[in-house]
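See below for input-v4.txt, which holds compact mmCIF, C-alpha atoms and all ligand atoms.
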```txt
# COMPACT_ATOMS: atom_id res chain seq x y z
CA MET A 1 37.51 -35.66 -1.87
CA CYS A 2 34.14 -33.91 -2.03
CA SER A 3 33.18 -32.49 -5.47
CA PRO A 4 31.86 -28.88 -5.61
CA VAL A 5 28.43 -30.24 -6.67
CA SER A 6 28.11 -32.72 -3.76
CA TYR A 7 29.38 -30.04 -1.38
CA LYS A 8 26.58 -27.70 -2.54
CA VAL A 9 24.00 -30.48 -2.24
CA GLY A 10 25.25 -31.13 1.29
CA VAL A 11 24.94 -27.46 2.24
CA VAL A 12 21.41 -27.25 0.80
CA LEU A 13 20.39 -30.47 2.62
CA ALA A 14 21.79 -29.19 5.93
CA TRP A 15 19.91 -25.89 5.44
CA PHE A 16 16.70 -27.77 4.60
CA ARG A 17 17.00 -30.05 7.65
CA LYS A 18 17.68 -27.10 9.94
CA LYS A 19 14.78 -25.16 8.45
CA ASN A 20 12.42 -28.07 9.01
CA ALA A 21 13.74 -29.27 12.37
CA LEU A 22 11.16 -28.96 15.09
CA THR A 23 12.18 -26.65 17.91
CA LEU A 24 10.60 -26.07 21.29
CA ALA A 25 9.12 -22.81 20.01
CA ASP A 26 7.07 -24.82 17.47
CA LEU A 27 5.31 -26.79 20.20
CA THR A 28 1.88 -25.74 21.39
CA PRO A 29 1.22 -26.25 25.13
CA ASP A 30 -0.79 -29.43 24.45
CA MET A 31 2.29 -30.98 22.82
CA LEU A 32 4.34 -30.62 26.00
CA PRO A 33 4.41 -33.46 28.53
CA SER A 34 2.37 -32.45 31.59
CA HIS A 35 4.47 -34.60 33.86
CA ILE A 36 8.12 -35.58 33.34
CA GLY A 37 10.01 -38.12 35.45
CA PHE A 38 13.79 -37.90 35.71
CA ILE A 39 15.97 -40.82 36.78
CA MET A 40 18.99 -38.82 37.92
CA ASP A 41 21.63 -41.45 37.20
CA GLY A 42 25.35 -41.41 36.48
CA ASN A 43 26.73 -39.28 39.31
CA GLY A 44 29.22 -41.94 40.44
CA ARG A 45 30.60 -42.55 36.95
CA TRP A 46 30.89 -38.81 36.35
CA ALA A 47 33.05 -38.49 39.49
CA LYS A 48 35.11 -41.59 38.69
CA LYS A 49 35.95 -40.24 35.22
CA ARG A 50 37.44 -37.20 36.95
CA GLY A 51 39.32 -39.17 39.60
CA LEU A 52 36.96 -37.82 42.29
CA ALA A 53 35.08 -39.57 45.09
CA ARG A 54 31.57 -40.72 44.13
CA THR A 55 30.12 -38.23 46.61
CA MET A 56 31.49 -35.39 44.46
CA GLY A 57 29.31 -36.73 41.67
CA HIS A 58 26.29 -36.35 43.92
CA VAL A 59 27.31 -32.76 44.72
CA ALA A 60 27.47 -32.01 40.98
CA GLY A 61 24.21 -33.89 40.39
CA ALA A 62 22.41 -31.85 43.05
CA LYS A 63 23.36 -28.62 41.23
CA VAL A 64 21.99 -29.99 37.97
CA PHE A 65 18.79 -31.01 39.76
CA ARG A 66 18.23 -27.37 40.85
CA LYS A 67 18.89 -26.15 37.31
CA ILE A 68 16.53 -28.65 35.66
CA VAL A 69 13.73 -27.91 38.16
CA LYS A 70 13.93 -24.25 37.11
CA ALA A 71 14.11 -25.22 33.42
CA CYS A 72 10.94 -27.33 33.75
CA GLU A 73 9.14 -24.43 35.36
CA ALA A 74 10.33 -22.01 32.68
CA ARG A 75 8.98 -24.36 29.98
CA GLY A 76 5.53 -24.54 31.56
CA ILE A 77 5.76 -28.21 32.63
CA ARG A 78 3.05 -28.87 35.24
CA SER A 79 4.74 -31.67 37.24
CA ALA A 80 8.23 -33.11 37.44
CA THR A 81 9.35 -36.08 39.53
CA PHE A 82 13.03 -36.52 40.29
CA TYR A 83 14.32 -39.90 41.46
CA ALA A 84 16.81 -38.99 44.17
CA PHE A 85 17.19 -42.17 46.26
CA SER A 86 15.66 -45.58 45.72
CA THR A 87 14.61 -48.25 48.22
CA GLU A 88 17.58 -50.24 46.88
CA ASN A 89 20.14 -47.44 47.31
CA TRP A 90 20.57 -48.27 51.05
CA LYS A 91 22.84 -51.08 49.82
CA ARG A 92 25.52 -48.48 49.09
CA PRO A 93 28.41 -47.75 51.48
CA GLN A 94 27.19 -45.87 54.57
CA GLU A 95 29.47 -42.93 53.72
CA GLU A 96 27.76 -42.48 50.35
CA VAL A 97 24.26 -42.78 51.84
CA ASP A 98 25.18 -40.18 54.48
CA ALA A 99 26.56 -37.83 51.82
CA ILE A 100 23.33 -38.06 49.80
CA MET A 101 21.20 -37.40 52.91
CA ASN A 102 23.40 -34.40 53.80
CA LEU A 103 22.95 -32.97 50.32
CA LEU A 104 19.24 -33.33 50.75
CA ARG A 105 19.37 -31.55 54.13
CA ASP A 106 21.33 -28.67 52.52
CA TYR A 107 18.87 -28.48 49.64
CA LEU A 108 15.86 -28.39 51.96
CA LYS A 109 17.33 -25.74 54.26
CA GLU A 110 18.32 -23.58 51.33
CA SER A 111 14.98 -24.08 49.59
CA LEU A 112 12.99 -23.11 52.67
CA ALA A 113 14.55 -19.66 52.27
CA ASP A 114 13.91 -19.60 48.49
CA PHE A 115 10.32 -20.81 48.59
CA LYS A 116 8.82 -17.36 49.08
CA SER A 117 10.12 -16.13 45.73
CA GLU A 118 9.23 -19.31 43.82
CA ASN A 119 5.92 -20.65 42.63
CA ILE A 120 6.88 -24.32 43.05
CA ARG A 121 4.86 -26.84 45.05
CA THR A 122 7.26 -29.33 46.58
CA LYS A 123 6.20 -32.84 47.53
CA PHE A 124 8.06 -35.96 48.52
CA ILE A 125 7.15 -39.47 47.46
CA GLY A 126 8.60 -42.61 49.02
CA ASP A 127 8.57 -44.20 52.46
CA ARG A 128 9.61 -41.71 55.14
CA ALA A 129 9.64 -44.22 58.00
CA PRO A 130 13.39 -45.04 57.85
CA LEU A 131 14.52 -41.41 57.29
CA ALA A 132 16.20 -39.33 60.00
CA ALA A 133 13.71 -37.34 62.10
CA ASP A 134 15.23 -33.95 61.15
CA ILE A 135 14.91 -34.78 57.44
CA VAL A 136 11.27 -35.78 57.90
CA ALA A 137 10.66 -32.47 59.74
CA LEU A 138 12.30 -30.50 56.88
CA ILE A 139 10.24 -32.42 54.31
CA GLU A 140 7.01 -31.69 56.18
CA GLU A 141 7.95 -28.02 56.47
CA ALA A 142 8.78 -27.80 52.74
CA GLU A 143 5.47 -29.41 51.81
CA ALA A 144 3.46 -27.19 54.16
CA GLU A 145 5.21 -23.97 53.06
CA THR A 146 4.58 -24.65 49.36
CA ALA A 147 1.19 -26.39 49.44
CA HIS A 148 -0.60 -23.27 48.13
CA LYS A 149 1.77 -22.67 45.18
CA THR A 150 0.26 -22.86 41.72
CA GLY A 151 3.29 -23.35 39.45
CA LEU A 152 5.31 -26.52 38.88
CA THR A 153 4.58 -29.47 41.17
CA LEU A 154 7.98 -30.84 42.10
CA ASN A 155 8.02 -34.40 43.43
CA ILE A 156 11.23 -35.65 44.96
CA ALA A 157 11.34 -39.44 45.11
CA LEU A 158 13.26 -40.30 48.27
CA ASN A 159 13.48 -43.82 49.60
CA TYR A 160 11.11 -44.52 46.75
CA GLY A 161 10.55 -47.86 45.04
CA GLY A 162 7.61 -48.65 42.78
CA ARG A 163 7.21 -52.14 44.26
CA HIS A 164 7.42 -50.93 47.86
CA GLU A 165 4.83 -48.24 47.09
CA LEU A 166 2.48 -50.96 45.75
CA VAL A 167 3.07 -53.14 48.83
CA LEU A 168 2.12 -50.24 51.12
CA ALA A 169 -0.95 -49.53 48.99
CA ALA A 170 -1.99 -53.21 49.14
CA ARG A 171 -1.67 -53.18 52.95
CA ASP A 172 -3.73 -50.02 53.16
CA LEU A 173 -6.52 -51.49 51.00
CA ALA A 174 -6.43 -54.81 52.90
CA ARG A 175 -6.85 -52.90 56.17
CA GLN A 176 -9.89 -51.09 54.77
CA VAL A 177 -11.39 -54.44 53.71
CA LEU A 178 -10.76 -55.93 57.18
CA ASP A 179 -12.40 -52.89 58.77
CA GLY A 180 -15.44 -53.44 56.57
CA LYS A 181 -14.96 -50.07 54.82
CA LEU A 182 -14.23 -51.56 51.41
CA SER A 183 -15.30 -54.68 49.57
CA PRO A 184 -12.77 -56.53 47.35
CA GLN A 185 -14.77 -55.87 44.16
CA ASP A 186 -14.52 -52.13 44.85
CA ILE A 187 -10.74 -52.31 44.42
CA THR A 188 -10.35 -50.65 41.03
CA GLU A 189 -7.44 -49.12 39.14
CA GLN A 190 -8.55 -45.75 40.47
CA ARG A 191 -8.55 -47.03 44.09
CA ILE A 192 -5.03 -48.34 43.66
CA SER A 193 -3.86 -45.06 42.08
CA ASP A 194 -5.42 -43.21 45.01
CA ALA A 195 -3.54 -45.40 47.50
CA LEU A 196 -0.16 -44.43 45.99
CA ASP A 197 2.09 -41.52 46.99
CA THR A 198 1.26 -39.75 43.72
CA VAL A 199 -2.47 -39.58 44.55
CA GLY A 200 -4.20 -36.80 42.63
CA GLN A 201 -1.30 -36.22 40.24
CA PRO A 202 -1.28 -37.00 36.51
CA ASP A 203 0.71 -40.06 35.41
CA PRO A 204 4.09 -39.24 33.87
CA ASP A 205 3.91 -38.68 30.11
CA LEU A 206 7.64 -38.77 29.68
CA ILE A 207 10.41 -40.46 31.65
CA VAL A 208 13.96 -39.39 30.94
CA ARG A 209 16.85 -41.62 31.93
CA PRO A 210 20.34 -40.33 31.35
CA SER A 211 23.52 -42.35 32.02
CA GLY A 212 23.18 -44.80 29.14
CA GLU A 213 21.25 -47.44 31.12
CA PHE A 214 18.06 -48.82 29.61
CA ARG A 215 15.99 -49.73 32.66
CA THR A 216 13.45 -48.25 35.03
CA SER A 217 15.17 -49.29 38.30
CA ASN A 218 11.82 -49.46 40.14
CA PHE A 219 10.71 -45.92 39.25
CA LEU A 220 6.96 -45.15 39.08
CA LEU A 221 6.06 -48.71 38.05
CA TRP A 222 2.28 -48.34 38.23
CA GLN A 223 2.17 -44.74 37.03
CA SER A 224 4.38 -45.30 33.96
CA ALA A 225 2.07 -47.81 32.23
CA TYR A 226 1.81 -45.50 29.20
CA ALA A 227 4.79 -43.20 29.72
CA GLU A 228 7.12 -42.48 26.82
CA TYR A 229 10.76 -43.21 27.66
CA VAL A 230 13.77 -41.26 26.45
CA PHE A 231 17.13 -42.82 27.28
CA MET A 232 20.12 -40.53 26.88
CA ASP A 233 23.80 -41.24 26.77
CA VAL A 234 24.81 -38.46 29.13
CA LEU A 235 25.70 -38.67 32.82
CA TRP A 236 23.32 -36.71 35.06
CA PRO A 237 25.91 -34.09 36.18
CA ASP A 238 26.42 -33.28 32.46
CA PHE A 239 22.68 -33.02 31.77
CA THR A 240 21.72 -29.57 30.46
CA GLU A 241 18.62 -27.64 29.40
CA GLU A 242 19.47 -28.69 25.82
CA HIS A 243 19.13 -32.36 26.81
CA LEU A 244 15.77 -31.55 28.40
CA ASP A 245 14.62 -29.82 25.22
CA ARG A 246 15.80 -32.74 23.09
CA ALA A 247 13.83 -35.18 25.28
CA ILE A 248 10.70 -32.99 25.07
CA LEU A 249 11.05 -32.75 21.27
CA GLN A 250 11.39 -36.53 20.98
CA TYR A 251 8.30 -36.91 23.13
CA ALA A 252 6.33 -34.44 21.00
CA GLN A 253 7.03 -36.53 17.92
CA ARG A 254 5.91 -39.85 19.41
CA ASN A 255 2.60 -41.35 18.39
CA ARG A 256 0.79 -42.29 21.62
CA ARG A 257 -2.02 -44.73 21.01
CA PHE A 258 -2.88 -46.00 24.52
CA GLY A 259 -3.93 -49.32 23.00
CA GLY A 260 -6.15 -47.74 20.37
CA VAL A 261 -5.49 -47.46 16.64
C1 LIG B 1 22.51 -41.63 40.71
O1 LIG B 1 23.83 -41.74 40.39
C2 LIG B 1 22.27 -41.11 42.10
C3 LIG B 1 21.69 -42.09 43.02
C4 LIG B 1 21.34 -43.30 42.73
C5 LIG B 1 21.52 -41.68 44.39
P1 LIG B 1 24.64 -43.05 40.76
O2 LIG B 1 25.26 -42.85 42.09
O3 LIG B 1 23.82 -44.26 40.61
O4 LIG B 1 25.77 -43.01 39.65
P2 LIG B 1 26.35 -44.25 38.85
O5 LIG B 1 25.18 -44.92 38.19
O6 LIG B 1 27.01 -45.14 39.85
O7 LIG B 1 27.28 -43.65 37.87
C1 LIG B 2 18.30 -45.37 40.00
O1 LIG B 2 19.67 -45.39 39.84
C2 LIG B 2 17.95 -44.67 41.28
C3 LIG B 2 18.16 -43.23 41.27
C4 LIG B 2 18.56 -42.52 40.26
C5 LIG B 2 17.87 -42.57 42.51
P1 LIG B 2 20.55 -46.63 40.32
O2 LIG B 2 21.95 -46.29 39.99
O3 LIG B 2 20.26 -46.96 41.71
O4 LIG B 2 20.00 -47.79 39.39
P2 LIG B 2 20.69 -49.15 38.93
O5 LIG B 2 21.27 -49.80 40.15
O6 LIG B 2 21.74 -48.78 37.93
O7 LIG B 2 19.60 -49.93 38.30
MG MG B 3 23.43 -45.48 39.04
```
Representation of the structure as structure tokens:
Amino acid sequence: MCSPVSYKVGVVLAWFRKKNALTLADLTPDMLPSHIGFIMDGNGRWAKKRGLARTMGHVAGAKVFRKIVKACEARGIRSATFYAFSTENWKRPQEEVDAIMNLLRDYLKESLADFKSENIRTKFIGDRAPLAADIVALIEEAEAETAHKTGLTLNIALNYGGRHELVLAARDLARQVLDGKLSPQDITEQRISDALDTVGQPDPDLIVRPSGEFRTSNFLLWQSAYAEYVFMDVLWPDFTEEHLDRAILQYAQRNRRFGGV
């Protein structure tokens, strides 16, 4: 049993820790990540735990996506990239792929109505070639309608794969060399960055992966060279603003050296 003295010590220690714990309010804007990447993983397991179809997990995940976009904006984050569908996710049953694409259609149609009241610039990264024509049209409309917005830049990674993005960039640069517009020695890190879907955007400072997996799954391979990773043991449909704040606080306490001392 706990003695009265150790109980008091415990209470004082808890008070001291709470008093000294960093909160979001303690962070100055330069301590916030400018760009956060989210690997929205764990929808299927969330549904399975509840005896539901995997697609219900995606429905729940889509709601959380909307909430976390707003939370990023409210916290003054400049860019956020959400991994919605990878180049490898086509391997899933057709029914699941269709359900994800339908959720995306719903989101885009609904957002087109919301865009006027929001200050979010929406962009899509990933290869659009295999997407349905109506989805591509909605994506283009969403990008055009929000291009002038000055708040959060929201990137949705759809049919995105870091390796595939680099392959397309390599083809693009090779074509320029063949056309005599570029010489091989002019291919620099900057040229490669500029040939990627994220051209002109800052690299992610922080990448958050919920679901308890410790891997990147082909997300922003080139851009994440110096990103800080936060892996969280929560399934994406259970991800809340508190998890976001915890990830930002962990990030703010990291010592980024970029190869220096
Ligand atoms: C992430 O959740 C959503 C997509 C990949 C589209 P998952 O569907 O991968 O969920 P788990 O990992 O199977 O639980
Ligand atoms: C990563 O999740 C892709 C997205 C979140 C869109 P996956 O569920 O596809 O990743 P793996 O298969 O567990 O690596
Ligand atoms: Mg998964």
Enclosing box along x, y and z for every listed atom of ligand LIG 2 (chain B), padded 3 Å each side, centre and size in Å, one decimal, as JSON:
```
{"center_x": 19.9, "center_y": -46.2, "center_z": 40.2, "size_x": 10.1, "size_y": 13.4, "size_z": 10.6}
```
For chain A against ligand LIG 2 (chain B), with a cut-off of 9 Å and counting only C-alpha atoms and all ligand atoms, what is the closest atom pair and its distance in Å to one decimal for every residue that makes the cut, ordered by chain and number, as a tab-separated table?
```
residue	atom	partner	partner_atom	distance
A:Phe38	CA	B:LIG2	C4	8.0
A:Ile39	CA	B:LIG2	C4	4.7
A:Met40	CA	B:LIG2	C4	4.4
A:Asp41	CA	B:LIG2	C4	4.5
A:Gly42	CA	B:LIG2	O2	6.9
A:Asn43	CA	B:LIG2	O2	8.5
A:Gly44	CA	B:LIG2	O2	8.5
A:Phe82	CA	B:LIG2	C5	8.1
A:Tyr83	CA	B:LIG2	C5	4.6
A:Ala84	CA	B:LIG2	C5	4.1
A:Phe85	CA	B:LIG2	C5	3.8
A:Ser86	CA	B:LIG2	C5	4.9
A:Thr87	CA	B:LIG2	C2	8.5
A:Glu88	CA	B:LIG2	O3	6.7
A:Asn89	CA	B:LIG2	O3	5.6
A:Ala157	CA	B:LIG2	C5	7.7
A:Leu158	CA	B:LIG2	C5	7.7
A:Asn159	CA	B:LIG2	C5	8.4
A:Tyr160	CA	B:LIG2	C5	8.2
A:Gly161	CA	B:LIG2	C2	8.9
A:Arg209	CA	B:LIG2	C4	8.6
A:Ser211	CA	B:LIG2	O6	8.9
A:Glu213	CA	B:LIG2	O6	7.0
A:Phe214	CA	B:LIG2	O7	8.9
A:Arg215	CA	B:LIG2	O7	6.7
A:Thr216	CA	B:LIG2	O7	7.2
A:Ser217	CA	B:LIG2	O7	4.5
A:Asn218	CA	B:LIG2	C1	7.7
A:Phe219	CA	B:LIG2	C2	7.6
```
Would you please work out which residue, of A:Val11, A:Leu131, A:Ala47, A:Val177, is nearest to ligand MG 3 (chain B) when using all atoms listed in the file?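 Under the stated criterion, the closest residue is A:Ala47.
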Record the distance separating CA of Phe258 in chain A and CA of Ala225 in chain A, expressed in Å with one decimal. 9.3 Å
Set the distance at 7 Å and use only C-alpha atoms: which residues neighbour Thr153 in chain A once local chain neighbours fewer than 6 positions away are removed? I'd like the list as an NGL selection string. :A and (78-80 or 120-122)
Closest to ligand LIG 1 (chain B) among A:Ser34, A:Ser3, A:Ser117, A:Thr55, using only C-alpha atoms and all ligand atoms? A:Thr55
